[in-house]
file model_19.csv (CSV, C-alpha atoms)
chain,number,residue,atom,x,y,z
V,1244,MET,CA,-2.2,119.5,267.1
V,1245,ARG,CA,-2.1,117.4,263.9
V,1246,ALA,CA,-5.5,115.9,264.5
V,1247,HIS,CA,-6.8,119.4,265.1
V,1248,PHE,CA,-5.4,120.6,261.8
V,1249,LYS,CA,-6.9,117.7,260.0
V,1250,ARG,CA,-10.3,118.5,261.3
V,1251,MET,CA,-10.0,122.2,260.3
V,1252,LYS,CA,-8.6,121.5,256.9
V,1253,PRO,CA,-11.9,121.6,254.9
V,1254,TYR,CA,-12.6,125.0,256.4
V,1255,LEU,CA,-9.2,126.4,255.3
V,1256,LEU,CA,-10.2,127.4,251.8
V,1257,VAL,CA,-13.6,128.8,252.9
V,1258,THR,CA,-11.9,131.0,255.5
V,1259,ALA,CA,-9.2,132.2,253.1
V,1260,PHE,CA,-11.8,132.9,250.5
V,1261,VAL,CA,-14.1,134.9,252.9
V,1262,ILE,CA,-11.1,137.0,254.0
V,1263,GLY,CA,-10.1,137.6,250.4
V,1264,ILE,CA,-13.6,138.7,249.5
V,1265,ILE,CA,-13.8,141.1,252.4
V,1266,LEU,CA,-10.4,142.6,251.5
V,1267,SER,CA,-11.5,142.8,247.8
V,1268,TYR,CA,-14.5,144.9,248.7
V,1269,ALA,CA,-12.6,147.0,251.2
V,1270,PHE,CA,-10.0,147.9,248.6
V,1271,ARG,CA,-12.3,147.9,245.6
V,1272,PHE,CA,-10.2,145.0,244.0
V,1273,GLN,CA,-12.4,144.3,240.9
V,1274,PRO,CA,-11.5,140.7,240.1
V,1275,GLY,CA,-12.3,139.8,243.7
V,1276,GLU,CA,-15.7,141.4,243.4
V,1277,ILE,CA,-16.5,139.6,240.2
V,1278,ILE,CA,-15.5,136.2,241.7
V,1279,ALA,CA,-17.6,137.0,244.7
V,1280,GLY,CA,-20.6,137.6,242.4
V,1281,HIS,CA,-20.1,134.3,240.6
V,1282,PHE,CA,-19.8,132.6,243.9
V,1283,ALA,CA,-22.9,134.1,245.5
V,1284,GLN,CA,-24.9,133.2,242.4
V,1285,SER,CA,-23.8,129.5,242.5
V,1286,VAL,CA,-24.4,129.2,246.2
V,1287,ILE,CA,-27.9,130.5,245.9
V,1288,GLU,CA,-28.4,128.1,242.9
V,1289,MET,CA,-27.3,125.2,245.0
V,1290,LEU,CA,-29.3,126.1,248.1
V,1291,THR,CA,-32.5,126.3,246.1
V,1292,PHE,CA,-32.6,122.5,245.5
V,1293,ILE,CA,-29.9,120.5,247.4
V,1294,PRO,CA,-31.6,120.6,250.8
V,1295,PHE,CA,-34.9,119.5,249.4
V,1296,LEU,CA,-33.2,116.8,247.4
V,1297,PHE,CA,-31.7,115.3,250.5
V,1298,VAL,CA,-35.0,115.4,252.4
V,1299,ILE,CA,-36.4,113.3,249.5
V,1300,VAL,CA,-33.4,110.9,249.7
V,1301,GLY,CA,-33.7,110.6,253.4
V,1302,LEU,CA,-37.4,109.7,253.1
V,1303,PHE,CA,-36.6,107.0,250.5
V,1304,ASP,CA,-34.0,105.6,252.8
V,1305,VAL,CA,-36.5,105.0,255.6
V,1306,TRP,CA,-39.4,103.8,253.5
V,1307,VAL,CA,-37.9,101.4,251.0
V,1308,PRO,CA,-37.2,98.0,252.6
V,1309,LYS,CA,-33.7,97.3,251.4
V,1310,GLU,CA,-33.3,94.0,253.3
V,1311,LYS,CA,-36.4,92.6,251.5
V,1312,ILE,CA,-34.9,93.5,248.1
V,1313,GLU,CA,-31.6,91.9,249.0
V,1314,ARG,CA,-33.4,88.5,249.4
V,1315,HIS,CA,-34.7,88.5,245.8
V,1316,ILE,CA,-31.5,89.0,243.7
V,1317,GLY,CA,-30.1,85.5,243.5
V,1318,PRO,CA,-28.6,83.8,240.4
V,1319,GLN,CA,-32.0,82.5,239.3
V,1320,SER,CA,-33.8,85.8,239.8
V,1321,GLY,CA,-34.0,86.8,236.1
V,1322,MET,CA,-35.6,90.0,235.0
V,1323,LYS,CA,-37.2,90.7,238.4
V,1324,GLY,CA,-33.7,90.4,240.0
V,1325,ILE,CA,-32.2,92.9,237.5
V,1326,LEU,CA,-35.0,95.3,238.2
V,1327,LEU,CA,-34.7,95.0,242.0
V,1328,VAL,CA,-30.9,95.2,242.0
V,1329,THR,CA,-31.1,98.4,239.9
V,1330,LEU,CA,-33.6,99.8,242.4
V,1331,LEU,CA,-31.3,98.9,245.3
V,1332,ALA,CA,-28.4,100.6,243.6
V,1333,MET,CA,-30.4,103.7,243.0
V,1334,LEU,CA,-31.1,104.0,246.7
V,1335,GLN,CA,-27.4,104.1,247.6
V,1336,ALA,CA,-25.1,107.1,248.1
V,1337,GLY,CA,-21.4,107.9,248.0
V,1338,PRO,CA,-18.5,107.2,245.8
V,1339,LEU,CA,-18.0,104.0,243.7
V,1340,TYR,CA,-15.3,102.6,246.0
V,1341,GLY,CA,-17.9,102.7,248.7
V,1342,ALA,CA,-20.0,100.2,246.6
V,1343,PHE,CA,-17.4,97.4,246.8
V,1344,PRO,CA,-18.1,96.5,250.4
V,1345,VAL,CA,-21.8,96.5,249.6
V,1346,ALA,CA,-21.1,94.2,246.6
V,1347,TYR,CA,-19.3,91.9,249.0
V,1348,ILE,CA,-22.3,91.8,251.4
V,1349,LEU,CA,-24.7,91.2,248.5
V,1350,TYR,CA,-22.6,88.4,247.1
V,1351,LYS,CA,-22.3,86.8,250.6
V,1352,LYS,CA,-26.1,87.0,251.0
V,1353,GLY,CA,-26.5,85.1,247.8
V,1354,ALA,CA,-26.8,87.6,245.0
V,1355,GLY,CA,-25.8,86.3,241.6
V,1356,ILE,CA,-22.6,87.4,239.8
V,1357,ARG,CA,-24.7,89.1,237.1
V,1358,ASN,CA,-26.6,91.1,239.6
V,1359,VAL,CA,-23.5,92.1,241.6
V,1360,PHE,CA,-22.0,93.7,238.5
V,1361,ILE,CA,-25.3,95.3,237.4
V,1362,PHE,CA,-25.4,96.7,241.0
V,1363,LEU,CA,-21.9,98.2,240.6
V,1364,GLY,CA,-22.9,99.6,237.2
V,1365,ALA,CA,-26.2,101.1,238.3
V,1366,PHE,CA,-24.5,102.4,241.5
V,1367,SER,CA,-22.0,104.4,239.4
V,1368,PHE,CA,-24.6,106.4,237.4
V,1369,MET,CA,-28.1,105.9,238.7
V,1370,LYS,CA,-28.0,106.8,242.4
V,1371,ILE,CA,-30.9,109.0,243.2
V,1372,PRO,CA,-28.9,111.8,245.0
V,1373,LEU,CA,-26.6,111.9,241.9
V,1374,LEU,CA,-29.5,111.9,239.4
V,1375,GLY,CA,-31.1,114.7,241.4
V,1376,ILE,CA,-28.0,116.9,241.2
V,1377,GLU,CA,-27.4,115.9,237.6
V,1378,ILE,CA,-30.9,116.9,236.5
V,1379,ALA,CA,-30.6,120.3,238.2
V,1380,TYR,CA,-27.2,121.1,236.7
V,1381,LEU,CA,-27.3,119.4,233.3
V,1382,GLY,CA,-31.0,119.1,232.5
V,1383,ILE,CA,-33.4,116.1,232.4
V,1384,GLN,CA,-32.6,115.4,228.8
V,1385,PHE,CA,-29.0,114.7,229.7
V,1386,SER,CA,-30.0,112.3,232.5
V,1387,VAL,CA,-32.6,110.5,230.3
V,1388,ALA,CA,-30.2,110.1,227.4
V,1389,LYS,CA,-27.4,108.9,229.6
V,1390,THR,CA,-29.6,106.4,231.4
V,1391,LEU,CA,-31.2,105.0,228.3
V,1392,ILE,CA,-27.8,104.3,226.7
V,1393,ALA,CA,-26.0,103.2,229.9
V,1394,LEU,CA,-28.5,100.8,231.5
V,1395,PRO,CA,-28.6,98.3,228.6
V,1396,LEU,CA,-24.7,98.4,228.4
V,1397,PHE,CA,-24.3,97.7,232.1
V,1398,ILE,CA,-26.9,94.9,232.1
V,1399,GLY,CA,-24.8,93.5,229.2
V,1400,ILE,CA,-21.7,93.8,231.3
V,1401,GLY,CA,-23.5,91.9,234.0
V,1402,TYR,CA,-24.4,89.0,231.7
V,1403,PHE,CA,-20.8,89.0,230.2
V,1404,MET,CA,-19.2,88.9,233.7
V,1405,GLU,CA,-21.6,86.0,234.7
V,1406,TRP,CA,-20.6,84.0,231.6
V,1407,TYR,CA,-16.9,84.9,231.8
V,1408,LEU,CA,-16.5,84.1,235.5
V,1409,LYS,CA,-18.7,81.0,235.6
V,1410,ASP,CA,-15.9,78.5,235.8
V,1411,ARG,CA,-13.2,80.7,237.3
V,1412,ASN,CA,-13.7,80.3,241.0
V,1413,PHE,CA,-14.7,83.9,241.3
V,1414,THR,CA,-15.2,85.3,244.9
V,1415,ILE,CA,-15.4,88.7,246.4
V,1416,ASN,CA,-13.0,89.1,249.3
V,1417,LYS,CA,-13.6,91.0,252.5
V,1418,LEU,CA,-11.0,93.6,253.5
V,1419,ASP,CA,-9.2,92.8,256.7
A,1302,MET,CA,-33.4,125.9,234.4
A,1303,ILE,CA,-32.4,125.8,238.0
A,1304,THR,CA,-35.5,127.6,239.3
A,1305,THR,CA,-38.0,125.3,237.5
A,1306,ASN,CA,-36.1,122.4,238.9
A,1307,ALA,CA,-36.0,123.9,242.4
A,1308,LEU,CA,-39.8,124.3,242.2
A,1309,ILE,CA,-40.3,120.7,241.2
A,1310,TYR,CA,-37.9,119.5,244.0
A,1311,ILE,CA,-39.7,121.6,246.6
A,1312,MET,CA,-43.1,120.3,245.5
A,1313,VAL,CA,-42.0,116.7,245.5
A,1314,CYS,CA,-40.4,117.3,248.9
A,1315,ILE,CA,-43.6,118.7,250.4
A,1316,VAL,CA,-45.9,116.0,248.9
A,1317,LEU,CA,-43.6,113.2,250.1
A,1318,CYS,CA,-43.1,114.8,253.6
A,1319,ALA,CA,-46.9,115.2,254.0
A,1320,ALA,CA,-47.6,111.6,252.8
A,1321,SER,CA,-44.8,110.2,255.0
A,1322,PHE,CA,-45.9,112.2,258.0
A,1323,SER,CA,-49.5,111.0,257.8
A,1324,PHE,CA,-48.4,107.4,257.7
A,1325,ASN,CA,-45.7,107.4,260.3
A,1326,ARG,CA,-44.3,110.3,262.3
A,1327,GLY,CA,-41.3,108.6,263.8
A,1328,LYS,CA,-40.1,107.3,260.4
A,1329,THR,CA,-40.5,110.7,258.8
A,1330,VAL,CA,-38.4,112.3,261.5
A,1331,ALA,CA,-35.7,109.6,261.1
A,1332,GLY,CA,-35.7,110.2,257.3
A,1333,LEU,CA,-35.4,114.0,257.7
A,1334,LYS,CA,-32.5,113.5,260.1
A,1335,LYS,CA,-30.8,111.2,257.7
A,1336,GLY,CA,-31.3,113.7,254.9
A,1337,TRP,CA,-29.9,116.5,257.0
A,1338,ARG,CA,-26.9,114.4,257.9
A,1339,MET,CA,-26.1,113.7,254.3
A,1340,PHE,CA,-26.6,117.4,253.4
A,1341,ARG,CA,-24.2,118.5,256.2
A,1342,ASN,CA,-21.6,116.0,255.1
A,1343,ILE,CA,-21.4,117.4,251.5
A,1344,PHE,CA,-22.0,121.0,252.4
A,1345,ILE,CA,-18.4,122.2,253.0
A,1346,PRO,CA,-16.8,120.1,250.1
A,1347,PHE,CA,-19.6,121.5,247.9
A,1348,ILE,CA,-18.8,125.1,249.0
A,1349,ASN,CA,-15.1,124.5,248.4
A,1350,VAL,CA,-15.8,123.4,244.8
A,1351,LEU,CA,-18.0,126.4,244.2
A,1352,ILE,CA,-15.2,128.7,245.4
A,1353,LEU,CA,-12.7,127.0,243.0
A,1354,VAL,CA,-15.2,127.1,240.1
A,1355,SER,CA,-15.9,130.8,240.6
A,1356,ILE,CA,-12.2,131.6,240.6
A,1357,ALA,CA,-11.5,129.4,237.6
A,1358,LEU,CA,-14.4,131.1,235.7
A,1359,TYR,CA,-12.7,134.4,236.2
A,1360,LEU,CA,-9.2,133.1,235.3
A,1361,ILE,CA,-10.0,130.9,232.3
A,1362,PRO,CA,-11.4,132.7,229.3
A,1363,PRO,CA,-14.4,131.0,227.6
A,1364,THR,CA,-12.6,131.1,224.3
A,1365,PHE,CA,-9.9,128.8,225.8
A,1366,ILE,CA,-12.5,126.3,226.9
A,1367,SER,CA,-14.5,126.3,223.6
A,1368,LYS,CA,-11.2,126.0,221.7
A,1369,TYR,CA,-9.9,123.0,223.5
A,1370,LEU,CA,-13.1,121.3,224.8
A,1371,GLY,CA,-15.7,122.7,222.3
A,1372,ALA,CA,-17.4,121.2,219.3
A,1373,GLY,CA,-14.4,122.1,217.1
A,1374,SER,CA,-11.8,120.4,219.4
A,1375,GLY,CA,-12.4,117.0,217.8
A,1376,ALA,CA,-10.6,113.9,219.0
A,1377,LEU,CA,-8.2,115.8,221.2
A,1378,GLY,CA,-10.9,117.3,223.5
A,1379,PHE,CA,-12.7,113.9,223.6
A,1380,ILE,CA,-9.5,112.0,224.5
A,1381,THR,CA,-8.6,114.6,227.1
A,1382,ALA,CA,-12.0,114.3,228.7
A,1383,ALA,CA,-11.8,110.4,228.8
A,1384,VAL,CA,-8.3,110.3,230.2
A,1385,VAL,CA,-8.8,113.0,232.8
A,1386,GLY,CA,-12.2,111.5,233.8
A,1387,SER,CA,-10.7,108.0,234.3
A,1388,ILE,CA,-7.8,109.1,236.4
A,1389,THR,CA,-9.2,111.8,238.6
A,1390,LEU,CA,-11.2,111.0,241.7
A,1391,ILE,CA,-13.9,113.8,242.1
A,1392,PRO,CA,-17.1,112.9,244.0
A,1393,GLY,CA,-20.1,112.9,241.6
A,1394,PHE,CA,-22.0,115.7,243.3
A,1395,ILE,CA,-19.0,118.0,243.2
A,1396,SER,CA,-18.3,117.4,239.5
A,1397,TYR,CA,-21.8,118.7,238.3
A,1398,PRO,CA,-21.2,122.4,239.0
A,1399,ILE,CA,-17.9,122.0,237.1
A,1400,ALA,CA,-19.6,120.2,234.2
A,1401,ALA,CA,-22.4,122.8,234.0
A,1402,SER,CA,-19.9,125.7,233.9
A,1403,LEU,CA,-17.8,123.9,231.2
A,1404,LEU,CA,-21.0,123.6,229.1
A,1405,GLN,CA,-21.8,127.3,229.7
A,1406,GLN,CA,-18.3,128.3,228.6
A,1407,GLY,CA,-18.6,126.5,225.3
A,1408,ALA,CA,-17.5,122.9,225.9
A,1409,SER,CA,-19.4,120.3,223.8
A,1410,TYR,CA,-21.9,117.8,225.2
A,1411,THR,CA,-19.8,114.9,223.9
A,1412,VAL,CA,-16.7,116.2,225.9
A,1413,VAL,CA,-18.7,116.9,229.1
A,1414,ALA,CA,-20.7,113.7,229.0
A,1415,THR,CA,-17.5,111.6,228.4
A,1416,PHE,CA,-15.8,113.4,231.3
A,1417,MET,CA,-18.7,112.7,233.6
A,1418,THR,CA,-19.2,109.0,232.5
A,1419,THR,CA,-15.5,108.1,232.8
A,1420,LEU,CA,-15.4,109.9,236.1
A,1421,MET,CA,-18.3,108.0,237.5
A,1422,MET,CA,-17.6,104.5,236.0
A,1423,VAL,CA,-13.8,104.1,235.8
A,1424,GLY,CA,-11.5,104.4,238.8
A,1425,VAL,CA,-7.8,104.1,238.0
A,1426,VAL,CA,-6.8,105.6,241.4
A,1427,THR,CA,-9.0,103.2,243.3
A,1428,LEU,CA,-7.9,100.1,241.3
A,1429,PRO,CA,-5.6,98.8,244.2
A,1430,LEU,CA,-8.6,99.0,246.5
A,1431,GLU,CA,-10.9,97.3,244.0
A,1432,THR,CA,-8.2,94.6,243.4
A,1433,GLN,CA,-8.5,93.6,247.1
A,1434,PHE,CA,-12.2,92.9,246.7
A,1435,PHE,CA,-12.4,91.2,243.3
A,1436,GLY,CA,-8.8,90.2,242.5
A,1437,ARG,CA,-6.6,92.0,240.0
A,1438,HIS,CA,-7.9,90.2,236.9
A,1439,VAL,CA,-11.6,91.0,237.5
A,1440,ALA,CA,-10.9,94.6,238.7
A,1441,VAL,CA,-8.9,95.4,235.6
A,1442,LEU,CA,-11.5,93.8,233.4
A,1443,ARG,CA,-14.4,95.7,235.0
A,1444,ASN,CA,-12.5,99.0,234.5
A,1445,VAL,CA,-11.7,98.2,230.9
A,1446,LEU,CA,-15.4,97.3,230.1
A,1447,ASN,CA,-16.6,100.3,232.0
A,1448,PHE,CA,-14.2,102.6,230.1
A,1449,ILE,CA,-15.6,101.2,226.8
A,1450,ALA,CA,-19.1,101.7,228.0
A,1451,ALA,CA,-18.3,105.3,229.3
A,1452,VAL,CA,-16.9,106.2,225.9
A,1453,ILE,CA,-20.0,104.8,224.1
A,1454,ILE,CA,-22.3,106.7,226.4
A,1455,GLY,CA,-20.4,109.9,226.0
A,1456,LEU,CA,-20.5,109.7,222.2
A,1457,GLY,CA,-24.2,108.7,222.3
A,1458,VAL,CA,-25.2,111.5,224.6
A,1459,GLY,CA,-23.3,114.0,222.5
A,1460,MET,CA,-25.0,112.8,219.4
A,1461,ILE,CA,-28.5,113.0,220.9
A,1462,LEU,CA,-28.1,116.5,222.6

call {"tool": "encode", "arguments": {"input": "model_19.csv", "output": "structure tokens"}}
result
Amino acid sequence: MRAHFKRMKPYLLVTAFVIGIILSYAFRFQPGEIIAGHFAQSVIEMLTFIPFLFVIVGLFDVWVPKEKIERHIGPQSGMKGILLVTLLAMLQAGPLYGAFPVAYILYKKGAGIRNVFIFLGAFSFMKIPLLGIEIAYLGIQFSVAKTLIALPLFIGIGYFMEWYLKDRNFTINKLD
Amino acid sequence: MITTNALIYIMVCIVLCAASFSFNRGKTVAGLKKGWRMFRNIFIPFINVLILVSIALYLIPPTFISKYLGAGSGALGFITAAVVGSITLIPGFISYPIAASLLQQGASYTVVATFMTTLMMVGVVTLPLETQFFGRHVAVLRNVLNFIAAVIIGLGVGMIL
């Protein structure tokens, strides 16, 4: 029963909303009709680009050789490593806390401290699915301005972390 | 805005699909399936947010938003955005419709950009989880540095746009 409820929970709001809208139209409840108008407009707006964006993301996922990239981001990888680790971060999806296990794997596979933190930074604001949605909602100027300011800052944070953690026995732990 | 973007996405999508399909059918199908799975995963959460945004748009008058989050709101709007963005845990893709409607209702670019950057880069709620990976010291340090970066980015974007 409880498991069933948990599975249905995401649909609760949608169901209540649809019933509310139907009742609003049935009884000519004006606020309900206005809200329904807003909603319909934003759903159409979303459906005009999100499915296509995810097709693009899916294709990137199968064509870009992530494993190959992972082998070239070691401590001595320099500029090329920074470039590659940024690219790797762009190809990810999901929330930032989902990046910590990936950071662990990269570190274990030999990525340098600097590149691990650049990865986390780029992950937080340069993921392709995120950029795609951002450009559609806030405009390309917003994304370009944000990226141009953010990327140097996060590369700086990577260098700082590398310098700061050099002699401090830094490791990334795996969750049990 | 949205329609021009939609056209670009559709065109890029068609070109990539055609190129990918001519190189390798199996890979293309796998990619499409992957994309479809990701779309399905975000669909219901996305719809839920659009519902909440449309209700909020009706209930909250634009004058309220422009007063407290607009260009005239000064440091208060900015600090509110930075604090709320750092503490709350809203998935990125869901926060964009919210950000776009805040802008439409008169919030300033500085406030919206700061909200988005702190939201993406700082995770106070997930700090215990982060601590398990990096240790307390490094996790806190990373969040503090990211907070500073997020504030700089928010101010910078607000100045440019």

call {"tool": "residues_around", "arguments": {"input": "model_19.csv", "residues": "Gly1332 of chain A", "least_positions_apart": "2", "cutoff": "7 Å", "atoms": "all atoms listed in the file", "output": "list in words"}}
result
Gly1301, Leu1302, Asp1304 and Val1305 of chain V; Lys1328, Thr1329, Val1330, Lys1334, Lys1335 and Gly1336 of chain A

call {"tool": "closest_residue", "arguments": {"input": "model_19.csv", "among": "V:Ile1415, V:Leu1408, V:Ile1316, V:Val1300", "to": "Ile1376 of chain V", "atoms": "all atoms listed in the file"}}
result
V:Val1300

call {"tool": "closest_residue", "arguments": {"input": "model_19.csv", "among": "A:Pro1429, A:Pro1346, A:Gly1378, A:Gly1327", "to": "chain V", "atoms": "only C-alpha atoms"}}
result
A:Pro1346

call {"tool": "atom_distance", "arguments": {"input": "model_19.csv", "atom1": "atom CA of Ile1345 of chain A", "atom2": "atom CA of Gly1337 of chain V"}}
result
15.4 Å

call {"tool": "atom_distance", "arguments": {"input": "model_19.csv", "atom1": "atom CA of Val1359 of chain V", "atom2": "atom CA of Ala1346 of chain V"}}
result
5.9 Å

call {"tool": "interface_residues", "arguments": {"input": "model_19.csv", "of": "chain V", "to": "chain A", "cutoff": "7 Å", "atoms": "only C-alpha atoms", "output": "PyMOL selection string"}}
result
chain V and resi 1253+1256-1257+1278+1281-1282+1285+1288+1291-1292+1294-1302+1304-1305+1338+1340+1343+1367-1368+1373+1376-1377+1379-1381+1388-1389+1392-1393+1396+1414-1418

call {"tool": "atom_distance", "arguments": {"input": "model_19.csv", "atom1": "atom CA of Pro1318 of chain V", "atom2": "atom CA of Ala1354 of chain V"}}
result
6.2 Å

call {"tool": "closest_residue", "arguments": {"input": "model_19.csv", "among": "V:Leu1326, V:Leu1334, V:Ile1383, V:Ile1287", "to": "Lys1309 of chain V", "atoms": "all atoms listed in the file"}}
result
V:Leu1334

call {"tool": "decode", "arguments": {"input": "model_19.csv", "residues": "segment 1374-1455 of chain A", "atoms": "C-alpha atoms", "output": "mmCIF file, in the first residue's frame"}}
result
data_model
loop_
_atom_site.group_PDB
_atom_site.id
_atom_site.type_symbol
_atom_site.label_atom_id
_atom_site.label_comp_id
_atom_site.auth_asym_id
_atom_site.auth_seq_id
_atom_site.Cartn_x
_atom_site.Cartn_y
_atom_site.Cartn_z
ATOM 1 C CA SER A 1374 15.124 45.999 -4.686
ATOM 2 C CA GLY A 1375 18.844 46.605 -4.113
ATOM 3 C CA ALA A 1376 20.851 44.461 -1.746
ATOM 4 C CA LEU A 1377 17.793 42.853 -0.164
ATOM 5 C CA GLY A 1378 16.617 41.170 -3.376
ATOM 6 C CA PHE A 1379 20.170 40.089 -4.146
ATOM 7 C CA ILE A 1380 20.787 38.587 -0.700
ATOM 8 C CA THR A 1381 17.399 36.853 -0.729
ATOM 9 C CA ALA A 1382 18.247 35.271 -4.097
ATOM 10 C CA ALA A 1383 21.703 34.122 -2.919
ATOM 11 C CA VAL A 1384 20.424 32.612 0.339
ATOM 12 C CA VAL A 1385 17.334 30.932 -1.125
ATOM 13 C CA GLY A 1386 19.384 29.611 -4.060
ATOM 14 C CA SER A 1387 22.054 28.152 -1.778
ATOM 15 C CA ILE A 1388 19.636 26.405 0.554
ATOM 16 C CA THR A 1389 16.946 25.060 -1.742
ATOM 17 C CA LEU A 1390 17.404 21.949 -3.799
ATOM 18 C CA ILE A 1391 15.541 22.423 -7.080
ATOM 19 C CA PRO A 1392 16.730 20.420 -10.105
ATOM 20 C CA GLY A 1393 18.225 22.718 -12.761
ATOM 21 C CA PHE A 1394 15.805 21.935 -15.554
ATOM 22 C CA ILE A 1395 12.858 22.701 -13.298
ATOM 23 C CA SER A 1396 14.203 26.043 -12.098
ATOM 24 C CA TYR A 1397 14.361 27.607 -15.588
ATOM 25 C CA PRO A 1398 10.604 28.043 -16.107
ATOM 26 C CA ILE A 1399 10.551 29.672 -12.649
ATOM 27 C CA ALA A 1400 13.486 31.953 -13.527
ATOM 28 C CA ALA A 1401 11.927 32.920 -16.868
ATOM 29 C CA SER A 1402 8.611 33.880 -15.274
ATOM 30 C CA LEU A 1403 10.398 35.838 -12.530
ATOM 31 C CA LEU A 1404 12.152 37.850 -15.266
ATOM 32 C CA GLN A 1405 8.863 38.361 -17.099
ATOM 33 C CA GLN A 1406 7.253 39.631 -13.922
ATOM 34 C CA GLY A 1407 9.921 42.257 -13.413
ATOM 35 C CA ALA A 1408 12.706 40.627 -11.413
ATOM 36 C CA SER A 1409 16.177 41.911 -12.336
ATOM 37 C CA TYR A 1410 18.790 39.871 -14.208
ATOM 38 C CA THR A 1411 21.182 40.195 -11.256
ATOM 39 C CA VAL A 1412 18.655 38.644 -8.868
ATOM 40 C CA VAL A 1413 17.616 35.844 -11.229
ATOM 41 C CA ALA A 1414 21.209 35.043 -12.262
ATOM 42 C CA THR A 1415 22.352 34.938 -8.631
ATOM 43 C CA PHE A 1416 19.448 32.675 -7.721
ATOM 44 C CA MET A 1417 20.300 30.319 -10.586
ATOM 45 C CA THR A 1418 24.058 30.220 -9.963
ATOM 46 C CA THR A 1419 23.773 29.612 -6.212
ATOM 47 C CA LEU A 1420 21.115 26.989 -6.902
ATOM 48 C CA MET A 1421 23.391 25.144 -9.313
ATOM 49 C CA MET A 1422 26.733 25.533 -7.561
ATOM 50 C CA VAL A 1423 26.077 25.572 -3.816
ATOM 51 C CA GLY A 1424 24.373 22.729 -1.972
ATOM 52 C CA VAL A 1425 23.791 23.356 1.721
ATOM 53 C CA VAL A 1426 21.189 20.585 1.981
ATOM 54 C CA THR A 1427 23.477 18.045 0.299
ATOM 55 C CA LEU A 1428 26.506 19.031 2.414
ATOM 56 C CA PRO A 1429 26.285 15.895 4.632
ATOM 57 C CA LEU A 1430 26.376 13.750 1.493
ATOM 58 C CA GLU A 1431 29.267 15.728 0.030
ATOM 59 C CA THR A 1432 31.140 15.385 3.353
ATOM 60 C CA GLN A 1433 31.051 11.613 2.999
ATOM 61 C CA PHE A 1434 32.910 11.857 -0.288
ATOM 62 C CA PHE A 1435 35.441 14.648 0.307
ATOM 63 C CA GLY A 1436 35.564 15.009 4.082
ATOM 64 C CA ARG A 1437 34.026 17.902 6.011
ATOM 65 C CA HIS A 1438 36.853 20.363 5.483
ATOM 66 C CA VAL A 1439 36.987 20.088 1.698
ATOM 67 C CA ALA A 1440 33.206 19.925 1.281
ATOM 68 C CA VAL A 1441 32.712 23.151 3.248
ATOM 69 C CA LEU A 1442 35.613 24.820 1.411
ATOM 70 C CA ARG A 1443 34.197 23.850 -1.982
ATOM 71 C CA ASN A 1444 30.792 25.276 -1.077
ATOM 72 C CA VAL A 1445 32.256 28.518 0.261
ATOM 73 C CA LEU A 1446 34.379 29.005 -2.893
ATOM 74 C CA ASN A 1447 31.414 28.127 -5.096
ATOM 75 C CA PHE A 1448 29.220 30.589 -3.205
ATOM 76 C CA ILE A 1449 31.739 33.377 -3.818
ATOM 77 C CA ALA A 1450 31.981 32.387 -7.494
ATOM 78 C CA ALA A 1451 28.176 32.219 -7.808
ATOM 79 C CA VAL A 1452 27.791 35.729 -6.376
ATOM 80 C CA ILE A 1453 30.466 37.115 -8.733
ATOM 81 C CA ILE A 1454 28.783 35.426 -11.710
ATOM 82 C CA GLY A 1455 25.353 36.739 -10.679
#
